[in-house]
Amino acid sequence: MLLKPMVEPFRKYLQNKAMVRQEHLEEIMDMVIHKSIDKGEFLLQKGQVCTHSFFVLEGLVRFFSIDQEGKEHIVQFAPENWFISDRGSIFFGKPSEYFIDAIEPTHVVMLDSGFFHKATAISSEFRTYNEYLLQNHIRQLQNRINLLIGANAEIRYLDFLTLYPNITQRVPQWMVASYLGITPESLSRVRKGLLSKE
Amino acid sequence: MATRQIELVAAPRSPHFVGDGFRVHNFIPSGYCLDMKRMDPFIMLDYNSKFYFPPSDKPRGVDVHPHRGFETVTIAYKGKVAHHDSSGGGGIIGEGDVQWMTAASGVLHKEYHEETFSKEGGDFQMVQLWVNLPAKDKMSTPHYQGITNAMIPKVNLPGNGGTVEVIAGEWNGVKGAATTYSPVHLYNLKLNAGGKGSFSLPETYSTGLLVIEGSILVNGEVKVESDHFVLLENSGEEFTVESMTDATVLLLSGEPLHEPIVAHGPFVMNTHEEIVQAIDDFHSGKFGKLD
């Protein structure tokens, strides 16, 4: 196995979280590609077919769309140890409606379909874990839709804090507001309301 | 009673490192036919054959990892291991000691070479055996049995042949130190040169011998060298172990649980759904915290 110190956190993740066995790790770690991007640089832009899943080694990225009025809507953040991709674009081979860019200088691992085919073929642990990630992603999306259509801003903000602890210190307020689907002014009111309850 | 014959003598497979502190030969479940079903209720046996670790200021070992659904049994022959877990427990497993950890519903733990041993370096030799839990006990509360060598009953063999340390189960009416969830016999045979022990264990039990030191003669006919594992057939009850030299042998024998086994690394459950639950619980921090 080639020594790739930059991608070491991904190897540790596969070993400690996905429980992939040592002998399988050695086979699949050769297939990962490391990429560094600066703040504001894109991993995916609207109209491209997404060909990779990204695992964040260090830094922070966001997954967002831009509407007809030019307004950004953040669908997801991905800090360290998160996967991010346009699953629909990868799986169905269709141009993406989304952008992925870096909020901080970021290091990611790029994983193509060859990686997933190989890893799921040789490691039953990876197979189970990958399915878990997919199902967990669907669970989170359902929860997010449900909160967006039925919960008030405070409940949505509290849910955001649970899902992304410590991220409020890393992103501007307007991004959090965009994620929550409210104005920065409304977010400010929600925060003040919560402070007064303490 | 019929003699229990040898099914297989397994040579140690090439070693691999668990973390950076345990250089092990895996016998169960990856070696030869020693899979979880054949060896039921034993689901894993890693053997760190005697290996010299040079002095190190930073103790070598295995960092925080979870377990659910079974028991880990650590038997120290050379060297010392320190361990800590998410329930606040911890301790040192010294030479001749046994740690019997019932992970059950789940613990996070880490295992390292004990500090002084690490600083001085030395020979290290251990066995880690995983004993599956019956389905009804898999989600019970985790706990430890820290068994020092002094707590293990010892029975002398005739004619100054050596001693049998009864870690678990029973031998010749002497009960072992450990409590188990299903019938398991675990002995350390400490044989003097020329010593001989006769054993009679139920033929349905999965039964094997791991030669830790020296060389032995099984049933008076098959010579087995150190670091080899002897699997005995599931027919007949009686077998003998004689030592050609001073020898140490780990004897394991357990009643099969005959329950479905679904394993995912350190989670061993009965169904796929229970594995997914274990992964989810681990991710959401339900195994506790350990730095």
# chains A, B, ... in the order shown; residues from 1 in each chain; ligands from 1

call {"tool": "residues_around", "arguments": {"residues": "Glu242 (chain B)", "least_positions_apart": "3", "cutoff": "7 Å", "atoms": "only C-alpha atoms", "output": "ChimeraX atom specification"}}
result
/B:194-197,216-218

call {"tool": "write_last_selection", "arguments": {"atoms": "N, CA and C atoms", "output": "compact mmCIF listing (two decimals), in the first residue's frame"}}
result
# COMPACT_ATOMS: atom_id res chain seq x y z
N GLY B 194 6.79 -34.84 30.64
CA GLY B 194 6.31 -36.18 30.97
C GLY B 194 4.96 -36.19 31.66
N GLY B 195 4.41 -35.01 31.97
CA GLY B 195 3.10 -34.93 32.64
C GLY B 195 1.98 -35.31 31.68
N LYS B 196 0.88 -35.78 32.26
CA LYS B 196 -0.22 -36.24 31.41
C LYS B 196 -1.56 -35.89 32.06
N GLY B 197 -2.47 -35.35 31.24
CA GLY B 197 -3.82 -35.06 31.73
C GLY B 197 -4.83 -35.79 30.87
N ILE B 216 3.43 -31.08 22.72
CA ILE B 216 2.59 -32.06 23.41
C ILE B 216 2.28 -33.25 22.50
N LEU B 217 1.80 -34.29 23.13
CA LEU B 217 1.35 -35.47 22.41
C LEU B 217 -0.13 -35.64 22.75
N VAL B 218 -0.97 -35.62 21.72
CA VAL B 218 -2.41 -35.74 21.96
C VAL B 218 -2.83 -37.18 21.68

call {"tool": "interface_residues", "arguments": {"of": "chain A", "to": "chain B", "cutoff": "7 Å", "atoms": "only C-alpha atoms", "output": "list in words"}}
result
Asn16, Met19, Glu125 and Tyr132 of chain A

call {"tool": "write_last_selection", "arguments": {"atoms": "N, CA and C atoms", "output": "PDB file, in the first residue's frame"}}
result
ATOM      1  N   ASN A  16     -12.436   2.408  11.889  1.00  0.00           N
ATOM      2  CA  ASN A  16     -13.071   2.567  13.202  1.00  0.00           C
ATOM      3  C   ASN A  16     -14.574   2.769  13.154  1.00  0.00           C
ATOM      4  N   MET A  19     -15.752  -0.301  10.251  1.00  0.00           N
ATOM      5  CA  MET A  19     -15.235  -1.595  10.698  1.00  0.00           C
ATOM      6  C   MET A  19     -14.664  -2.433   9.550  1.00  0.00           C
ATOM      7  N   GLU A 125     -18.417  -5.666   5.543  1.00  0.00           N
ATOM      8  CA  GLU A 125     -18.559  -4.584   6.523  1.00  0.00           C
ATOM      9  C   GLU A 125     -18.819  -3.261   5.809  1.00  0.00           C
ATOM     10  N   TYR A 132     -26.060   1.575   5.482  1.00  0.00           N
ATOM     11  CA  TYR A 132     -26.443   2.350   6.669  1.00  0.00           C
ATOM     12  C   TYR A 132     -26.361   3.851   6.378  1.00  0.00           C
TER      13      TYR A 132
END

call {"tool": "residues_around", "arguments": {"residues": "Lys94 (chain A)", "least_positions_apart": "2", "cutoff": "6 Å", "atoms": "only C-alpha atoms", "output": "compact mmCIF listing (two decimals) with C-alpha atoms, in the first residue's frame"}}
result
# COMPACT_ATOMS: atom_id res chain seq x y z
CA VAL A 49 -22.66 15.28 -13.98
CA SER A 89 -26.62 12.94 -10.38
CA PHE A 92 -28.77 8.46 -12.65

call {"tool": "select_by_dssp", "arguments": {"residues": "region 72-230 of chain B", "states": "strand (DSSP E)", "output": "VMD selection string"}}
result
chain B and resid 72 to 78 81 to 85 90 to 93 98 to 102 107 to 113 122 to 132 143 to 147 154 to 156 162 to 168 170 to 171 174 to 175 184 to 191 196 to 200 206 to 213 216 to 218 222 to 224 229 to 230

call {"tool": "closest_residue", "arguments": {"among": "B:Ile167, B:Asp281, B:Val211, B:Ser243", "to": "Leu231 (chain B)", "atoms": "only C-alpha atoms"}}
result
B:Val211

call {"tool": "decode", "arguments": {"residues": "region 101-149 of chain A", "atoms": "N, CA and C atoms", "output": "PDB file, in the first residue's frame"}}
result
ATOM      1  N   ASP A 101     -19.225  23.832  -2.802  1.00  0.00           N
ATOM      2  CA  ASP A 101     -17.999  24.625  -2.701  1.00  0.00           C
ATOM      3  C   ASP A 101     -17.476  24.647  -1.275  1.00  0.00           C
ATOM      4  N   ALA A 102     -16.261  25.162  -1.140  1.00  0.00           N
ATOM      5  CA  ALA A 102     -15.594  25.136   0.163  1.00  0.00           C
ATOM      6  C   ALA A 102     -15.834  26.441   0.921  1.00  0.00           C
ATOM      7  N   ILE A 103     -16.217  26.311   2.179  1.00  0.00           N
ATOM      8  CA  ILE A 103     -16.394  27.480   3.046  1.00  0.00           C
ATOM      9  C   ILE A 103     -15.054  27.829   3.709  1.00  0.00           C
ATOM     10  N   GLU A 104     -14.226  26.807   3.869  1.00  0.00           N
ATOM     11  CA  GLU A 104     -12.874  26.968   4.429  1.00  0.00           C
ATOM     12  C   GLU A 104     -11.903  26.262   3.474  1.00  0.00           C
ATOM     13  N   PRO A 105     -10.614  26.556   3.546  1.00  0.00           N
ATOM     14  CA  PRO A 105      -9.658  25.721   2.795  1.00  0.00           C
ATOM     15  C   PRO A 105      -9.881  24.257   3.199  1.00  0.00           C
ATOM     16  N   THR A 106     -10.028  23.400   2.214  1.00  0.00           N
ATOM     17  CA  THR A 106     -10.534  22.056   2.517  1.00  0.00           C
ATOM     18  C   THR A 106      -9.727  20.965   1.816  1.00  0.00           C
ATOM     19  N   HIS A 107      -9.573  19.852   2.522  1.00  0.00           N
ATOM     20  CA  HIS A 107      -9.005  18.637   1.923  1.00  0.00           C
ATOM     21  C   HIS A 107     -10.096  17.586   1.872  1.00  0.00           C
ATOM     22  N   VAL A 108     -10.262  16.985   0.712  1.00  0.00           N
ATOM     23  CA  VAL A 108     -11.241  15.910   0.599  1.00  0.00           C
ATOM     24  C   VAL A 108     -10.597  14.678  -0.018  1.00  0.00           C
ATOM     25  N   VAL A 109     -11.294  13.560   0.151  1.00  0.00           N
ATOM     26  CA  VAL A 109     -10.980  12.354  -0.581  1.00  0.00           C
ATOM     27  C   VAL A 109     -12.052  12.221  -1.649  1.00  0.00           C
ATOM     28  N   MET A 110     -11.639  11.905  -2.880  1.00  0.00           N
ATOM     29  CA  MET A 110     -12.600  11.726  -3.966  1.00  0.00           C
ATOM     30  C   MET A 110     -12.790  10.233  -4.224  1.00  0.00           C
ATOM     31  N   LEU A 111     -14.046   9.828  -4.234  1.00  0.00           N
ATOM     32  CA  LEU A 111     -14.352   8.409  -4.402  1.00  0.00           C
ATOM     33  C   LEU A 111     -15.260   8.234  -5.614  1.00  0.00           C
ATOM     34  N   ASP A 112     -14.791   7.446  -6.571  1.00  0.00           N
ATOM     35  CA  ASP A 112     -15.626   7.240  -7.759  1.00  0.00           C
ATOM     36  C   ASP A 112     -16.396   5.921  -7.630  1.00  0.00           C
ATOM     37  N   SER A 113     -17.183   5.623  -8.666  1.00  0.00           N
ATOM     38  CA  SER A 113     -18.012   4.419  -8.574  1.00  0.00           C
ATOM     39  C   SER A 113     -17.142   3.166  -8.499  1.00  0.00           C
ATOM     40  N   GLY A 114     -15.957   3.213  -9.094  1.00  0.00           N
ATOM     41  CA  GLY A 114     -15.040   2.072  -9.018  1.00  0.00           C
ATOM     42  C   GLY A 114     -14.673   1.744  -7.578  1.00  0.00           C
ATOM     43  N   PHE A 115     -14.464   2.796  -6.778  1.00  0.00           N
ATOM     44  CA  PHE A 115     -14.156   2.586  -5.364  1.00  0.00           C
ATOM     45  C   PHE A 115     -15.313   1.872  -4.670  1.00  0.00           C
ATOM     46  N   PHE A 116     -16.526   2.381  -4.904  1.00  0.00           N
ATOM     47  CA  PHE A 116     -17.686   1.791  -4.210  1.00  0.00           C
ATOM     48  C   PHE A 116     -17.941   0.357  -4.680  1.00  0.00           C
ATOM     49  N   HIS A 117     -17.743   0.115  -5.985  1.00  0.00           N
ATOM     50  CA  HIS A 117     -17.944  -1.254  -6.480  1.00  0.00           C
ATOM     51  C   HIS A 117     -16.952  -2.201  -5.838  1.00  0.00           C
ATOM     52  N   LYS A 118     -15.700  -1.776  -5.806  1.00  0.00           N
ATOM     53  CA  LYS A 118     -14.654  -2.636  -5.251  1.00  0.00           C
ATOM     54  C   LYS A 118     -14.880  -2.862  -3.749  1.00  0.00           C
ATOM     55  N   ALA A 119     -15.124  -1.759  -3.049  1.00  0.00           N
ATOM     56  CA  ALA A 119     -15.253  -1.865  -1.585  1.00  0.00           C
ATOM     57  C   ALA A 119     -16.455  -2.720  -1.194  1.00  0.00           C
ATOM     58  N   THR A 120     -17.567  -2.551  -1.900  1.00  0.00           N
ATOM     59  CA  THR A 120     -18.747  -3.347  -1.538  1.00  0.00           C
ATOM     60  C   THR A 120     -18.564  -4.805  -1.962  1.00  0.00           C
ATOM     61  N   ALA A 121     -17.741  -5.018  -3.008  1.00  0.00           N
ATOM     62  CA  ALA A 121     -17.528  -6.397  -3.465  1.00  0.00           C
ATOM     63  C   ALA A 121     -16.654  -7.183  -2.488  1.00  0.00           C
ATOM     64  N   ILE A 122     -15.644  -6.533  -1.939  1.00  0.00           N
ATOM     65  CA  ILE A 122     -14.693  -7.306  -1.115  1.00  0.00           C
ATOM     66  C   ILE A 122     -15.001  -7.250   0.377  1.00  0.00           C
ATOM     67  N   SER A 123     -15.709  -6.210   0.828  1.00  0.00           N
ATOM     68  CA  SER A 123     -15.903  -6.055   2.275  1.00  0.00           C
ATOM     69  C   SER A 123     -17.377  -6.043   2.638  1.00  0.00           C
ATOM     70  N   SER A 124     -17.807  -7.082   3.330  1.00  0.00           N
ATOM     71  CA  SER A 124     -19.219  -7.109   3.755  1.00  0.00           C
ATOM     72  C   SER A 124     -19.467  -6.009   4.781  1.00  0.00           C
ATOM     73  N   GLU A 125     -18.417  -5.666   5.543  1.00  0.00           N
ATOM     74  CA  GLU A 125     -18.559  -4.584   6.523  1.00  0.00           C
ATOM     75  C   GLU A 125     -18.819  -3.261   5.809  1.00  0.00           C
ATOM     76  N   PHE A 126     -18.069  -3.003   4.730  1.00  0.00           N
ATOM     77  CA  PHE A 126     -18.284  -1.768   3.987  1.00  0.00           C
ATOM     78  C   PHE A 126     -19.685  -1.749   3.378  1.00  0.00           C
ATOM     79  N   ARG A 127     -20.095  -2.895   2.864  1.00  0.00           N
ATOM     80  CA  ARG A 127     -21.419  -3.003   2.222  1.00  0.00           C
ATOM     81  C   ARG A 127     -22.515  -2.628   3.213  1.00  0.00           C
ATOM     82  N   THR A 128     -22.450  -3.215   4.390  1.00  0.00           N
ATOM     83  CA  THR A 128     -23.454  -2.925   5.420  1.00  0.00           C
ATOM     84  C   THR A 128     -23.397  -1.462   5.821  1.00  0.00           C
ATOM     85  N   TYR A 129     -22.184  -0.969   5.974  1.00  0.00           N
ATOM     86  CA  TYR A 129     -22.020   0.406   6.444  1.00  0.00           C
ATOM     87  C   TYR A 129     -22.489   1.415   5.401  1.00  0.00           C
ATOM     88  N   ASN A 130     -22.184   1.122   4.127  1.00  0.00           N
ATOM     89  CA  ASN A 130     -22.588   2.015   3.042  1.00  0.00           C
ATOM     90  C   ASN A 130     -24.114   2.081   2.952  1.00  0.00           C
ATOM     91  N   GLU A 131     -24.747   0.938   3.163  1.00  0.00           N
ATOM     92  CA  GLU A 131     -26.211   0.920   3.168  1.00  0.00           C
ATOM     93  C   GLU A 131     -26.733   1.724   4.363  1.00  0.00           C
ATOM     94  N   TYR A 132     -26.060   1.575   5.482  1.00  0.00           N
ATOM     95  CA  TYR A 132     -26.443   2.350   6.669  1.00  0.00           C
ATOM     96  C   TYR A 132     -26.361   3.851   6.378  1.00  0.00           C
ATOM     97  N   LEU A 133     -25.277   4.267   5.716  1.00  0.00           N
ATOM     98  CA  LEU A 133     -25.112   5.697   5.399  1.00  0.00           C
ATOM     99  C   LEU A 133     -26.237   6.191   4.493  1.00  0.00           C
ATOM    100  N   LEU A 134     -26.592   5.369   3.507  1.00  0.00           N
ATOM    101  CA  LEU A 134     -27.663   5.762   2.586  1.00  0.00           C
ATOM    102  C   LEU A 134     -28.987   5.894   3.335  1.00  0.00           C
ATOM    103  N   GLN A 135     -29.293   4.899   4.145  1.00  0.00           N
ATOM    104  CA  GLN A 135     -30.560   4.930   4.894  1.00  0.00           C
ATOM    105  C   GLN A 135     -30.569   6.079   5.897  1.00  0.00           C
ATOM    106  N   ASN A 136     -29.429   6.326   6.489  1.00  0.00           N
ATOM    107  CA  ASN A 136     -29.336   7.425   7.460  1.00  0.00           C
ATOM    108  C   ASN A 136     -29.533   8.770   6.752  1.00  0.00           C
ATOM    109  N   HIS A 137     -28.986   8.859   5.528  1.00  0.00           N
ATOM    110  CA  HIS A 137     -29.137  10.075   4.735  1.00  0.00           C
ATOM    111  C   HIS A 137     -30.623  10.312   4.427  1.00  0.00           C
ATOM    112  N   ILE A 138     -31.310   9.252   4.046  1.00  0.00           N
ATOM    113  CA  ILE A 138     -32.747   9.378   3.756  1.00  0.00           C
ATOM    114  C   ILE A 138     -33.501   9.800   5.028  1.00  0.00           C
ATOM    115  N   ARG A 139     -33.137   9.206   6.138  1.00  0.00           N
ATOM    116  CA  ARG A 139     -33.776   9.568   7.413  1.00  0.00           C
ATOM    117  C   ARG A 139     -33.593  11.065   7.694  1.00  0.00           C
ATOM    118  N   GLN A 140     -32.376  11.549   7.481  1.00  0.00           N
ATOM    119  CA  GLN A 140     -32.100  12.975   7.736  1.00  0.00           C
ATOM    120  C   GLN A 140     -32.891  13.857   6.781  1.00  0.00           C
ATOM    121  N   LEU A 141     -32.964  13.437   5.506  1.00  0.00           N
ATOM    122  CA  LEU A 141     -33.701  14.240   4.524  1.00  0.00           C
ATOM    123  C   LEU A 141     -35.180  14.301   4.873  1.00  0.00           C
ATOM    124  N   GLN A 142     -35.743  13.156   5.267  1.00  0.00           N
ATOM    125  CA  GLN A 142     -37.164  13.133   5.649  1.00  0.00           C
ATOM    126  C   GLN A 142     -37.405  14.063   6.834  1.00  0.00           C
ATOM    127  N   ASN A 143     -36.506  14.001   7.777  1.00  0.00           N
ATOM    128  CA  ASN A 143     -36.630  14.847   8.962  1.00  0.00           C
ATOM    129  C   ASN A 143     -36.556  16.325   8.567  1.00  0.00           C
ATOM    130  N   ARG A 144     -35.654  16.611   7.610  1.00  0.00           N
ATOM    131  CA  ARG A 144     -35.455  17.994   7.179  1.00  0.00           C
ATOM    132  C   ARG A 144     -36.703  18.511   6.444  1.00  0.00           C
ATOM    133  N   ILE A 145     -37.256  17.685   5.584  1.00  0.00           N
ATOM    134  CA  ILE A 145     -38.486  18.087   4.874  1.00  0.00           C
ATOM    135  C   ILE A 145     -39.604  18.319   5.887  1.00  0.00           C
ATOM    136  N   ASN A 146     -39.736  17.389   6.796  1.00  0.00           N
ATOM    137  CA  ASN A 146     -40.809  17.485   7.794  1.00  0.00           C
ATOM    138  C   ASN A 146     -40.695  18.754   8.623  1.00  0.00           C
ATOM    139  N   LEU A 147     -39.478  19.089   9.025  1.00  0.00           N
ATOM    140  CA  LEU A 147     -39.278  20.299   9.833  1.00  0.00           C
ATOM    141  C   LEU A 147     -39.517  21.553   8.989  1.00  0.00           C
ATOM    142  N   LEU A 148     -39.084  21.511   7.711  1.00  0.00           N
ATOM    143  CA  LEU A 148     -39.253  22.694   6.853  1.00  0.00           C
ATOM    144  C   LEU A 148     -40.724  23.002   6.615  1.00  0.00           C
ATOM    145  N   ILE A 149     -41.554  21.953   6.514  1.00  0.00           N
ATOM    146  CA  ILE A 149     -42.973  22.236   6.222  1.00  0.00           C
ATOM    147  C   ILE A 149     -43.809  22.337   7.485  1.00  0.00           C
TER     148      ILE A 149
END
